[in-house]
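Trainee: So that you have it, the file is target-v3.cif, and it contains mmCIF, N, CA and C atoms and all ligand atoms:
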data_protein
#
loop_
_atom_site.label_atom_id
_atom_site.label_comp_id
_atom_site.auth_asym_id
_atom_site.auth_seq_id
_atom_site.Cartn_x
_atom_site.Cartn_y
_atom_site.Cartn_z
N LYS A 1 -9.85 -17.19 -1.61
CA LYS A 1 -10.41 -16.30 -2.67
C LYS A 1 -10.35 -14.87 -2.17
N LEU A 2 -9.93 -13.95 -3.03
CA LEU A 2 -9.70 -12.57 -2.59
C LEU A 2 -10.96 -11.93 -2.03
N MET A 3 -12.10 -12.20 -2.64
CA MET A 3 -13.35 -11.57 -2.20
C MET A 3 -13.62 -11.93 -0.74
N LYS A 4 -13.55 -13.22 -0.44
CA LYS A 4 -13.81 -13.68 0.94
C LYS A 4 -12.77 -13.09 1.89
N GLU A 5 -11.50 -13.07 1.43
CA GLU A 5 -10.42 -12.54 2.28
C GLU A 5 -10.67 -11.08 2.58
N LEU A 6 -11.15 -10.33 1.59
CA LEU A 6 -11.44 -8.91 1.80
C LEU A 6 -12.55 -8.74 2.84
N ALA A 7 -13.53 -9.63 2.76
CA ALA A 7 -14.66 -9.57 3.71
C ALA A 7 -14.17 -9.81 5.13
N ILE A 8 -13.23 -10.74 5.28
CA ILE A 8 -12.66 -11.03 6.61
C ILE A 8 -11.94 -9.79 7.14
N CYS A 9 -11.17 -9.14 6.28
CA CYS A 9 -10.43 -7.93 6.69
C CYS A 9 -11.40 -6.82 7.09
N LYS A 10 -12.43 -6.63 6.31
CA LYS A 10 -13.40 -5.57 6.60
C LYS A 10 -14.12 -5.85 7.93
N THR A 11 -14.49 -7.10 8.14
CA THR A 11 -15.17 -7.49 9.39
C THR A 11 -14.29 -7.20 10.60
N LEU A 12 -13.04 -7.69 10.53
CA LEU A 12 -12.11 -7.51 11.65
C LEU A 12 -11.79 -6.04 11.89
N LEU A 13 -11.60 -5.29 10.82
CA LEU A 13 -11.32 -3.85 10.95
C LEU A 13 -12.47 -3.16 11.68
N GLY A 14 -13.70 -3.48 11.28
CA GLY A 14 -14.88 -2.89 11.91
C GLY A 14 -14.95 -3.21 13.39
N GLU A 15 -14.66 -4.46 13.73
CA GLU A 15 -14.70 -4.87 15.14
C GLU A 15 -13.63 -4.16 15.94
N MET A 16 -12.44 -4.00 15.35
CA MET A 16 -11.34 -3.31 16.06
C MET A 16 -11.68 -1.85 16.28
N GLU A 17 -12.28 -1.21 15.28
CA GLU A 17 -12.64 0.21 15.41
C GLU A 17 -13.64 0.44 16.54
N LEU A 18 -14.47 -0.57 16.80
CA LEU A 18 -15.50 -0.45 17.84
C LEU A 18 -15.00 -0.87 19.22
N HIS A 19 -13.85 -1.51 19.28
CA HIS A 19 -13.30 -2.03 20.54
C HIS A 19 -12.95 -0.86 21.46
N GLU A 20 -13.21 -1.01 22.76
CA GLU A 20 -12.99 0.12 23.69
C GLU A 20 -11.51 0.48 23.81
N ASP A 21 -10.63 -0.46 23.48
CA ASP A 21 -9.19 -0.20 23.58
C ASP A 21 -8.59 0.33 22.27
N SER A 22 -9.44 0.69 21.30
CA SER A 22 -8.90 1.12 20.00
C SER A 22 -8.48 2.59 19.96
N TRP A 23 -8.86 3.39 20.94
CA TRP A 23 -8.69 4.85 20.89
C TRP A 23 -7.25 5.30 20.56
N PRO A 24 -6.21 4.56 21.04
CA PRO A 24 -4.86 5.06 20.68
C PRO A 24 -4.46 4.81 19.22
N PHE A 25 -5.24 3.95 18.53
CA PHE A 25 -4.81 3.44 17.24
C PHE A 25 -5.67 3.87 16.06
N LEU A 26 -6.65 4.73 16.32
CA LEU A 26 -7.61 5.11 15.27
C LEU A 26 -6.98 5.98 14.18
N LEU A 27 -6.03 6.81 14.57
CA LEU A 27 -5.37 7.73 13.62
C LEU A 27 -3.86 7.64 13.77
N PRO A 28 -3.10 8.12 12.75
CA PRO A 28 -1.64 8.12 12.89
C PRO A 28 -1.21 8.88 14.16
N VAL A 29 -0.17 8.37 14.85
CA VAL A 29 0.35 9.06 16.03
C VAL A 29 0.79 10.47 15.61
N ASN A 30 0.37 11.47 16.39
CA ASN A 30 0.69 12.86 16.10
C ASN A 30 2.15 13.14 16.47
N THR A 31 3.01 13.30 15.44
CA THR A 31 4.44 13.43 15.71
C THR A 31 4.80 14.82 16.26
N LYS A 32 3.85 15.77 16.26
CA LYS A 32 4.09 17.04 16.94
C LYS A 32 3.89 16.86 18.44
N GLN A 33 2.89 16.03 18.78
CA GLN A 33 2.62 15.71 20.20
C GLN A 33 3.70 14.80 20.75
N PHE A 34 4.24 13.89 19.86
CA PHE A 34 5.26 12.91 20.28
C PHE A 34 6.47 13.05 19.36
N PRO A 35 7.31 14.07 19.58
CA PRO A 35 8.40 14.42 18.66
C PRO A 35 9.42 13.30 18.45
N THR A 36 9.58 12.39 19.42
CA THR A 36 10.57 11.31 19.25
C THR A 36 10.01 10.13 18.44
N TYR A 37 8.68 10.16 18.15
CA TYR A 37 8.05 8.97 17.60
C TYR A 37 8.68 8.52 16.28
N ARG A 38 8.87 9.45 15.37
CA ARG A 38 9.37 9.08 14.03
C ARG A 38 10.79 8.53 14.09
N LYS A 39 11.55 8.95 15.12
CA LYS A 39 12.94 8.47 15.25
C LYS A 39 12.94 7.02 15.73
N ILE A 40 12.01 6.70 16.64
CA ILE A 40 11.99 5.37 17.27
C ILE A 40 11.23 4.36 16.41
N ILE A 41 10.12 4.81 15.79
CA ILE A 41 9.22 3.91 15.05
C ILE A 41 9.42 4.08 13.54
N LYS A 42 9.99 3.03 12.91
CA LYS A 42 10.37 3.12 11.49
C LYS A 42 9.18 2.93 10.57
N ASN A 43 8.18 2.14 11.02
CA ASN A 43 7.01 1.89 10.17
C ASN A 43 5.73 2.23 10.91
N PRO A 44 5.39 3.52 11.04
CA PRO A 44 4.15 3.89 11.71
C PRO A 44 2.94 3.24 11.02
N MET A 45 1.94 2.84 11.78
CA MET A 45 0.73 2.24 11.22
C MET A 45 -0.43 2.50 12.18
N ASP A 46 -1.62 2.64 11.62
CA ASP A 46 -2.81 2.89 12.42
C ASP A 46 -4.03 2.36 11.68
N LEU A 47 -5.18 2.33 12.35
CA LEU A 47 -6.39 1.72 11.77
C LEU A 47 -6.95 2.52 10.60
N SER A 48 -6.78 3.85 10.60
CA SER A 48 -7.30 4.63 9.46
C SER A 48 -6.49 4.37 8.20
N THR A 49 -5.20 4.15 8.35
CA THR A 49 -4.33 3.83 7.21
C THR A 49 -4.70 2.45 6.66
N ILE A 50 -4.93 1.50 7.56
CA ILE A 50 -5.34 0.15 7.14
C ILE A 50 -6.69 0.22 6.43
N LYS A 51 -7.61 1.03 6.96
CA LYS A 51 -8.94 1.17 6.36
C LYS A 51 -8.84 1.67 4.92
N LYS A 52 -7.94 2.65 4.71
CA LYS A 52 -7.75 3.19 3.35
C LYS A 52 -7.17 2.12 2.43
N ARG A 53 -6.21 1.34 2.95
CA ARG A 53 -5.60 0.28 2.13
C ARG A 53 -6.61 -0.81 1.79
N VAL A 54 -7.51 -1.14 2.73
CA VAL A 54 -8.56 -2.13 2.43
C VAL A 54 -9.46 -1.58 1.32
N HIS A 55 -9.85 -0.33 1.48
CA HIS A 55 -10.76 0.30 0.52
C HIS A 55 -10.12 0.40 -0.86
N ASP A 56 -8.81 0.71 -0.90
CA ASP A 56 -8.09 0.88 -2.17
C ASP A 56 -7.62 -0.45 -2.76
N LEU A 57 -8.00 -1.55 -2.13
CA LEU A 57 -7.58 -2.90 -2.59
C LEU A 57 -6.06 -3.02 -2.64
N THR A 58 -5.37 -2.38 -1.68
CA THR A 58 -3.90 -2.46 -1.63
C THR A 58 -3.44 -3.86 -1.22
N TYR A 59 -4.24 -4.50 -0.33
CA TYR A 59 -3.84 -5.81 0.18
C TYR A 59 -4.13 -6.89 -0.85
N LYS A 60 -3.09 -7.69 -1.14
CA LYS A 60 -3.25 -8.78 -2.11
C LYS A 60 -3.73 -10.05 -1.42
N SER A 61 -3.65 -10.09 -0.08
CA SER A 61 -4.12 -11.26 0.69
C SER A 61 -4.45 -10.80 2.10
N ARG A 62 -5.15 -11.67 2.85
CA ARG A 62 -5.44 -11.33 4.24
C ARG A 62 -4.15 -11.30 5.06
N GLU A 63 -3.15 -12.03 4.59
CA GLU A 63 -1.86 -12.02 5.32
C GLU A 63 -1.21 -10.64 5.26
N ASP A 64 -1.32 -9.98 4.10
CA ASP A 64 -0.75 -8.62 3.97
C ASP A 64 -1.44 -7.67 4.95
N PHE A 65 -2.74 -7.84 5.10
CA PHE A 65 -3.53 -7.05 6.06
C PHE A 65 -3.03 -7.31 7.48
N CYS A 66 -2.83 -8.58 7.79
CA CYS A 66 -2.39 -9.00 9.13
C CYS A 66 -1.03 -8.41 9.48
N VAL A 67 -0.14 -8.33 8.51
CA VAL A 67 1.20 -7.73 8.73
C VAL A 67 1.05 -6.29 9.23
N ASP A 68 0.19 -5.51 8.58
CA ASP A 68 0.00 -4.11 8.98
C ASP A 68 -0.66 -3.99 10.36
N VAL A 69 -1.63 -4.87 10.64
CA VAL A 69 -2.28 -4.83 11.96
C VAL A 69 -1.26 -5.11 13.06
N ARG A 70 -0.43 -6.14 12.85
CA ARG A 70 0.56 -6.50 13.87
C ARG A 70 1.61 -5.42 14.05
N GLN A 71 1.84 -4.63 12.96
CA GLN A 71 2.78 -3.51 13.05
C GLN A 71 2.30 -2.48 14.06
N ILE A 72 0.99 -2.24 14.09
CA ILE A 72 0.41 -1.30 15.07
C ILE A 72 0.82 -1.70 16.49
N PHE A 73 0.65 -3.01 16.79
CA PHE A 73 0.86 -3.47 18.16
C PHE A 73 2.35 -3.59 18.50
N ASP A 74 3.16 -3.94 17.49
CA ASP A 74 4.61 -3.99 17.71
C ASP A 74 5.15 -2.58 17.97
N ASN A 75 4.67 -1.57 17.18
CA ASN A 75 5.06 -0.18 17.41
C ASN A 75 4.67 0.26 18.81
N CYS A 76 3.47 -0.13 19.21
CA CYS A 76 2.95 0.26 20.52
C CYS A 76 3.85 -0.28 21.64
N GLU A 77 4.25 -1.54 21.52
CA GLU A 77 5.13 -2.13 22.54
C GLU A 77 6.50 -1.47 22.56
N MET A 78 6.96 -1.05 21.36
CA MET A 78 8.28 -0.43 21.25
C MET A 78 8.29 0.92 22.00
N PHE A 79 7.21 1.68 21.86
CA PHE A 79 7.20 3.08 22.31
C PHE A 79 6.61 3.26 23.72
N ASN A 80 5.70 2.39 24.11
CA ASN A 80 4.94 2.58 25.35
C ASN A 80 5.28 1.54 26.41
N GLU A 81 5.30 2.01 27.68
CA GLU A 81 5.47 1.06 28.81
C GLU A 81 4.28 0.10 28.82
N ASP A 82 4.53 -1.15 29.20
CA ASP A 82 3.45 -2.13 29.25
C ASP A 82 2.31 -1.70 30.18
N ASP A 83 2.68 -1.00 31.31
CA ASP A 83 1.64 -0.65 32.29
C ASP A 83 1.08 0.76 32.07
N SER A 84 1.44 1.38 30.92
CA SER A 84 0.85 2.69 30.61
C SER A 84 -0.54 2.49 30.00
N PRO A 85 -1.38 3.53 29.97
CA PRO A 85 -2.73 3.38 29.38
C PRO A 85 -2.66 2.93 27.92
N VAL A 86 -1.76 3.54 27.12
CA VAL A 86 -1.64 3.15 25.71
C VAL A 86 -1.06 1.75 25.60
N GLY A 87 -0.05 1.45 26.44
CA GLY A 87 0.56 0.13 26.41
C GLY A 87 -0.45 -0.96 26.73
N LYS A 88 -1.27 -0.72 27.73
CA LYS A 88 -2.29 -1.70 28.11
C LYS A 88 -3.33 -1.87 26.99
N ALA A 89 -3.70 -0.76 26.38
CA ALA A 89 -4.66 -0.82 25.26
C ALA A 89 -4.09 -1.65 24.11
N GLY A 90 -2.79 -1.49 23.86
CA GLY A 90 -2.14 -2.25 22.79
C GLY A 90 -2.16 -3.73 23.05
N HIS A 91 -1.89 -4.13 24.27
CA HIS A 91 -1.93 -5.56 24.63
C HIS A 91 -3.35 -6.10 24.52
N GLY A 92 -4.33 -5.27 24.96
CA GLY A 92 -5.72 -5.70 24.88
C GLY A 92 -6.19 -5.86 23.45
N MET A 93 -5.82 -4.91 22.59
CA MET A 93 -6.21 -4.97 21.17
C MET A 93 -5.53 -6.13 20.45
N ARG A 94 -4.26 -6.37 20.79
CA ARG A 94 -3.55 -7.47 20.14
C ARG A 94 -4.22 -8.81 20.49
N LYS A 95 -4.58 -8.97 21.77
CA LYS A 95 -5.24 -10.20 22.22
C LYS A 95 -6.56 -10.40 21.45
N PHE A 96 -7.35 -9.31 21.39
CA PHE A 96 -8.64 -9.36 20.67
C PHE A 96 -8.42 -9.74 19.21
N PHE A 97 -7.49 -9.05 18.56
CA PHE A 97 -7.26 -9.30 17.13
C PHE A 97 -6.83 -10.74 16.87
N GLU A 98 -5.84 -11.24 17.60
CA GLU A 98 -5.28 -12.57 17.33
C GLU A 98 -6.32 -13.66 17.54
N LEU A 99 -7.20 -13.47 18.55
CA LEU A 99 -8.28 -14.45 18.78
C LEU A 99 -9.26 -14.46 17.62
N ARG A 100 -9.68 -13.28 17.22
CA ARG A 100 -10.66 -13.18 16.12
C ARG A 100 -10.04 -13.65 14.80
N TRP A 101 -8.76 -13.29 14.60
CA TRP A 101 -8.06 -13.69 13.38
C TRP A 101 -8.06 -15.21 13.24
N ALA A 102 -7.77 -15.88 14.37
CA ALA A 102 -7.72 -17.35 14.38
C ALA A 102 -9.12 -17.94 14.16
N GLU A 103 -10.13 -17.30 14.75
CA GLU A 103 -11.51 -17.78 14.59
C GLU A 103 -11.96 -17.69 13.14
N LEU A 104 -11.51 -16.63 12.43
CA LEU A 104 -11.95 -16.40 11.06
C LEU A 104 -11.13 -17.17 10.03
N THR A 105 -10.18 -17.94 10.50
CA THR A 105 -9.33 -18.72 9.58
C THR A 105 -10.18 -19.79 8.86
C1 LIG B 201 -0.43 4.45 19.74
C2 LIG B 201 0.45 5.49 20.34
N1 LIG B 201 1.73 5.20 20.53
C3 LIG B 201 2.57 6.09 21.06
C4 LIG B 201 2.13 7.33 21.43
C5 LIG B 201 0.79 7.70 21.26
C6 LIG B 201 -0.07 6.75 20.70
N2 LIG B 201 -1.39 7.03 20.51
C7 LIG B 201 -2.00 8.31 20.84
C8 LIG B 201 -3.23 8.55 19.96
C9 LIG B 201 -4.00 9.82 20.29
C10 LIG B 201 -4.44 9.91 21.71
S1 LIG B 201 -3.07 9.83 22.77
O1 LIG B 201 -2.19 10.90 22.41
O2 LIG B 201 -3.46 9.72 24.11
C11 LIG B 201 -2.28 8.34 22.32
#
What's the structure tokens form of this structure?
Ligand SMILES: Cc1ncccc1N[C@H]1CCCS(=O)(=O)C1
Mentor:
Amino acid sequence: KLMKELAICKTLLGEMELHEDSWPFLLPVNTKQFPTYRKIIKNPMDLSTIKKRVHDLTYKSREDFCVDVRQIFDNCEMFNEDDSPVGKAGHGMRKFFELRWAELT
């Protein structure tokens, strides 16, 4: 049911925003600070964009929400070294998300 699915998305979004490893993902990557980003990353995504889409009822299912969340972490792996601070945060956030996602199924 869409209502319940929306509640799951809102819950998970809130938990991710509070996670200590969320700092690289709270806002869109600043392409002035990272001039190569737009060339390398075809589908930029971040938690504030997802929050707006949840609020605007853009997602037709929790799966659509999950696609955007996973895009954040796939972009992170594409652009950042695994052992960099942002790279490590991305791995940590992905682990957190996938565990909670499975729990809320
Ligand atoms: C997720 C990501 N991928 C690639 C480059 C940068 C980022 N995030 C930045 C967000 C603002 C703070 S920062 O500039 O240290 C890191």
Trainee: Excluding Phe25 in chain A and residues on its chain fewer than 5 positions from it, collect all residues at most 7 Å away from it, counting only N, CA and C atoms, and give them as a PyMOL selection string.
Mentor: chain A and resi 45-48
Trainee: Could you state the separation of CA of Arg100 in chain A and CA of Gly14 in chain A in Å, given to one decimal place?
Mentor: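 CA of Gly14 in chain A lies 11.9 Å from CA of Arg100 in chain A.
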Trainee: Can you pull out every residue with an atom within 8 Å of ligand LIG 201 (chain B)? Use all atoms listed in the file and format it as JSON, numbers by chain.
Mentor: {"A": [22, 23, 24, 25, 26, 27, 28, 29, 30, 33, 34, 37, 45, 46, 72, 75, 76, 77, 78, 79, 80, 85, 86, 87, 90]}
Trainee: Save out the residues we just selected, N, CA and C atoms, as a PDB file, keeping the file's coordinate frame.
Mentor:
ATOM      1  N   SER A  22      -9.440   0.690  21.300  1.00  0.00           N
ATOM      2  CA  SER A  22      -8.900   1.120  20.000  1.00  0.00           C
ATOM      3  C   SER A  22      -8.480   2.590  19.960  1.00  0.00           C
ATOM      4  N   TRP A  23      -8.860   3.390  20.940  1.00  0.00           N
ATOM      5  CA  TRP A  23      -8.690   4.850  20.890  1.00  0.00           C
ATOM      6  C   TRP A  23      -7.250   5.300  20.560  1.00  0.00           C
ATOM      7  N   PRO A  24      -6.210   4.560  21.040  1.00  0.00           N
ATOM      8  CA  PRO A  24      -4.860   5.060  20.680  1.00  0.00           C
ATOM      9  C   PRO A  24      -4.460   4.810  19.220  1.00  0.00           C
ATOM     10  N   PHE A  25      -5.240   3.950  18.530  1.00  0.00           N
ATOM     11  CA  PHE A  25      -4.810   3.440  17.240  1.00  0.00           C
ATOM     12  C   PHE A  25      -5.670   3.870  16.060  1.00  0.00           C
ATOM     13  N   LEU A  26      -6.650   4.730  16.320  1.00  0.00           N
ATOM     14  CA  LEU A  26      -7.610   5.110  15.270  1.00  0.00           C
ATOM     15  C   LEU A  26      -6.980   5.980  14.180  1.00  0.00           C
ATOM     16  N   LEU A  27      -6.030   6.810  14.570  1.00  0.00           N
ATOM     17  CA  LEU A  27      -5.370   7.730  13.620  1.00  0.00           C
ATOM     18  C   LEU A  27      -3.860   7.640  13.770  1.00  0.00           C
ATOM     19  N   PRO A  28      -3.100   8.120  12.750  1.00  0.00           N
ATOM     20  CA  PRO A  28      -1.640   8.120  12.890  1.00  0.00           C
ATOM     21  C   PRO A  28      -1.210   8.880  14.160  1.00  0.00           C
ATOM     22  N   VAL A  29      -0.170   8.370  14.850  1.00  0.00           N
ATOM     23  CA  VAL A  29       0.350   9.060  16.030  1.00  0.00           C
ATOM     24  C   VAL A  29       0.790  10.470  15.610  1.00  0.00           C
ATOM     25  N   ASN A  30       0.370  11.470  16.390  1.00  0.00           N
ATOM     26  CA  ASN A  30       0.690  12.860  16.100  1.00  0.00           C
ATOM     27  C   ASN A  30       2.150  13.140  16.470  1.00  0.00           C
ATOM     28  N   GLN A  33       2.890  16.030  18.780  1.00  0.00           N
ATOM     29  CA  GLN A  33       2.620  15.710  20.200  1.00  0.00           C
ATOM     30  C   GLN A  33       3.700  14.800  20.750  1.00  0.00           C
ATOM     31  N   PHE A  34       4.240  13.890  19.860  1.00  0.00           N
ATOM     32  CA  PHE A  34       5.260  12.910  20.280  1.00  0.00           C
ATOM     33  C   PHE A  34       6.470  13.050  19.360  1.00  0.00           C
ATOM     34  N   TYR A  37       8.680  10.160  18.150  1.00  0.00           N
ATOM     35  CA  TYR A  37       8.050   8.970  17.600  1.00  0.00           C
ATOM     36  C   TYR A  37       8.680   8.520  16.280  1.00  0.00           C
ATOM     37  N   MET A  45       1.940   2.840  11.780  1.00  0.00           N
ATOM     38  CA  MET A  45       0.730   2.240  11.220  1.00  0.00           C
ATOM     39  C   MET A  45      -0.430   2.500  12.180  1.00  0.00           C
ATOM     40  N   ASP A  46      -1.620   2.640  11.620  1.00  0.00           N
ATOM     41  CA  ASP A  46      -2.810   2.890  12.420  1.00  0.00           C
ATOM     42  C   ASP A  46      -4.030   2.360  11.680  1.00  0.00           C
ATOM     43  N   ILE A  72       0.990  -2.240  14.090  1.00  0.00           N
ATOM     44  CA  ILE A  72       0.410  -1.300  15.070  1.00  0.00           C
ATOM     45  C   ILE A  72       0.820  -1.700  16.490  1.00  0.00           C
ATOM     46  N   ASN A  75       4.670  -1.570  17.180  1.00  0.00           N
ATOM     47  CA  ASN A  75       5.060  -0.180  17.410  1.00  0.00           C
ATOM     48  C   ASN A  75       4.670   0.260  18.810  1.00  0.00           C
ATOM     49  N   CYS A  76       3.470  -0.130  19.210  1.00  0.00           N
ATOM     50  CA  CYS A  76       2.950   0.260  20.520  1.00  0.00           C
ATOM     51  C   CYS A  76       3.850  -0.280  21.640  1.00  0.00           C
ATOM     52  N   GLU A  77       4.250  -1.540  21.520  1.00  0.00           N
ATOM     53  CA  GLU A  77       5.130  -2.130  22.540  1.00  0.00           C
ATOM     54  C   GLU A  77       6.500  -1.470  22.560  1.00  0.00           C
ATOM     55  N   MET A  78       6.960  -1.050  21.360  1.00  0.00           N
ATOM     56  CA  MET A  78       8.280  -0.430  21.250  1.00  0.00           C
ATOM     57  C   MET A  78       8.290   0.920  22.000  1.00  0.00           C
ATOM     58  N   PHE A  79       7.210   1.680  21.860  1.00  0.00           N
ATOM     59  CA  PHE A  79       7.200   3.080  22.310  1.00  0.00           C
ATOM     60  C   PHE A  79       6.610   3.260  23.720  1.00  0.00           C
ATOM     61  N   ASN A  80       5.700   2.390  24.110  1.00  0.00           N
ATOM     62  CA  ASN A  80       4.940   2.580  25.350  1.00  0.00           C
ATOM     63  C   ASN A  80       5.280   1.540  26.410  1.00  0.00           C
ATOM     64  N   PRO A  85      -1.380   3.530  29.970  1.00  0.00           N
ATOM     65  CA  PRO A  85      -2.730   3.380  29.380  1.00  0.00           C
ATOM     66  C   PRO A  85      -2.660   2.930  27.920  1.00  0.00           C
ATOM     67  N   VAL A  86      -1.760   3.540  27.120  1.00  0.00           N
ATOM     68  CA  VAL A  86      -1.640   3.150  25.710  1.00  0.00           C
ATOM     69  C   VAL A  86      -1.060   1.750  25.600  1.00  0.00           C
ATOM     70  N   GLY A  87      -0.050   1.450  26.440  1.00  0.00           N
ATOM     71  CA  GLY A  87       0.560   0.130  26.410  1.00  0.00           C
ATOM     72  C   GLY A  87      -0.450  -0.960  26.730  1.00  0.00           C
ATOM     73  N   GLY A  90      -2.790  -1.490  23.860  1.00  0.00           N
ATOM     74  CA  GLY A  90      -2.140  -2.250  22.790  1.00  0.00           C
ATOM     75  C   GLY A  90      -2.160  -3.730  23.050  1.00  0.00           C
TER      76      GLY A  90
END
Trainee: Please measure the separation of CA of Cys9 in chain A and CA of Ser61 in chain A, giving the value in Å to one decimal.
Mentor: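 A separation of 9.3 Å between them.
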Trainee: Please report the interatomic distance between CA of Leu12 in chain A and atom N of His91 in chain A in Å with one decimal.
Mentor: 16.6 Å
Trainee: Under the rule that only C-alpha atoms are counted, which of A:Ile50, A:Leu104, A:Leu2, A:Ala7 is the nearest residue to Gln71 in chain A?
Mentor: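 Checking each of A:Ile50, A:Leu104, A:Leu2, A:Ala7 against Gln71 in chain A, counting only C-alpha atoms, the winner is A:Ile50.
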Trainee: Determine which residues of chain A DSSP labels as alpha helix (DSSP H) from the backbone of this structure, then write them out as a PyMOL selection string.
Mentor: chain A and resi 2-18+37-40+47-55+62-79+85-103
Trainee: As lines of an AutoDock Vina configuration file, please report the centre and edge lengths, rounded to one decimal in Å, of the axis-aligned box that holds all listed atoms of range 84-92 of chain A with 3 Å of padding on each of the six sides.
Mentor:
center_x = -2.4
center_y = -1.3
center_z = 26.9
size_x = 13.6
size_y = 15.6
size_z = 14.1
